[in-house]
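Structure first, commentary second.
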Amino acid sequence: MNRTIRAAVCSIAVAGLALGLSSCSEAVDQVDKAVDETYEVTYEVTGKNVDSIDFHGGGGKAMEPKIESVSKPKLPWTKTVTLRGIMPAAVMPVAADPEGAQVACKITYKGKVLEEQSSQGLATAGGCTAESPIGG
């Protein structure tokens, strides 16, 4: 079923590109509405000197998710959110002090790690982004 959904999304996206960017956006919105299943992921951020964490919290549209933010989080930080349809899971830790930053992020779904990244000495970790398990 997941391959069918992925093929439908790709077909609709290609058709949308042929009709223009606004049509593509409408096509993605239609697929997002049709795939109304929800899924739960847990974000985890560890390290030191993390100033803020931005993450997809479940609001907004599939291709324009609402980004929630936590300032000065206590590490290790975890948050479980419910996402819908083809919305990707994403968590983006930000460390303003590049010299002392050590950052790792992880996204899990039903106990399985979907994405994991780490960095040291960078202004930001780049974060973790994972494809929806419903759409992929």
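Letters A, B, ... mark the chains of the structure tokens in the order given; residue numbers begin at 1 per chain; ligand numbers begin at 1, in order shown.
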Selection: 7 Å around stretch 60-70 of chain A, only C-alpha atoms, excl. self and same-chain fewer than 6 positions, as a list in words: Asp32, Ser52, Ile53, Asp54, Ile86 and Met87 of chain A
Which residue of A:Thr38, A:Ser71, A:Thr46, A:Thr80 approaches A:Ser119 most closely, using only C-alpha atoms: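 Using only C-alpha atoms, A:Ser119 sits closest to A:Thr46.
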Minimum-distance residue to A:Thr82, chosen among A:Glu37, A:Asp97, A:Glu115, A:Asp51 (using only C-alpha atoms):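 So, comparing all the options, the nearest one is A:Glu37.
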Residues of stretch 25-129 of chain A in helix (DSSP H, G or I), written as a PyMOL selection string: chain A and resi 25-34
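Using only C-alpha atoms, the shortest contact distance between A:Asn49 and any of A:Thr108, A:Thr78, A:Gln102, A:Gln117 is found at A:Gln102.
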Distance criterion (only C-alpha atoms): nearest to A:Lys106 out of A:Gly127, A:Gly47, A:Gly85, A:Gly59: A:Gly127
Computed interatomic separation between atom CA of A:Gly111 and atom CA of A:Met92 (Å): 20.3 Å
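In this structure, atom CA of A:Asp36 sits 26.3 Å away from atom CA of A:Glu116.
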Closest of A:Cys105, A:Ser118, A:Val50, A:Val91 to A:Lys74 - atom-to-atom distances counting only C-alpha atoms: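 Smallest distance to A:Lys74 is found for A:Val50.
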Polymer residues at most 8 Å from A:Lys79, only C-alpha atoms, same-chain spacing of 4 or more positions, as a list of chain:residue names: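 Result of the neighbour search: A:Thr42, A:Tyr43, A:Glu44.
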Save the residues we just selected, N, CA, C and O atoms, as a short mmCIF file (atom, residue, chain, number, x, y, z; two decimals), in the first residue's frame?
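Result saved to out21.cif:
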data_model
loop_
_atom_site.label_atom_id
_atom_site.label_comp_id
_atom_site.auth_asym_id
_atom_site.auth_seq_id
_atom_site.Cartn_x
_atom_site.Cartn_y
_atom_site.Cartn_z
N THR A 42 8.81 10.25 18.19
CA THR A 42 9.47 10.86 19.34
C THR A 42 10.78 11.47 18.87
O THR A 42 11.58 10.81 18.20
N TYR A 43 10.95 12.74 19.19
CA TYR A 43 12.19 13.45 18.90
C TYR A 43 13.07 13.39 20.15
O TYR A 43 12.57 13.49 21.27
N GLU A 44 14.37 13.27 19.93
CA GLU A 44 15.31 13.29 21.04
C GLU A 44 16.51 14.13 20.64
O GLU A 44 17.06 13.96 19.55
#
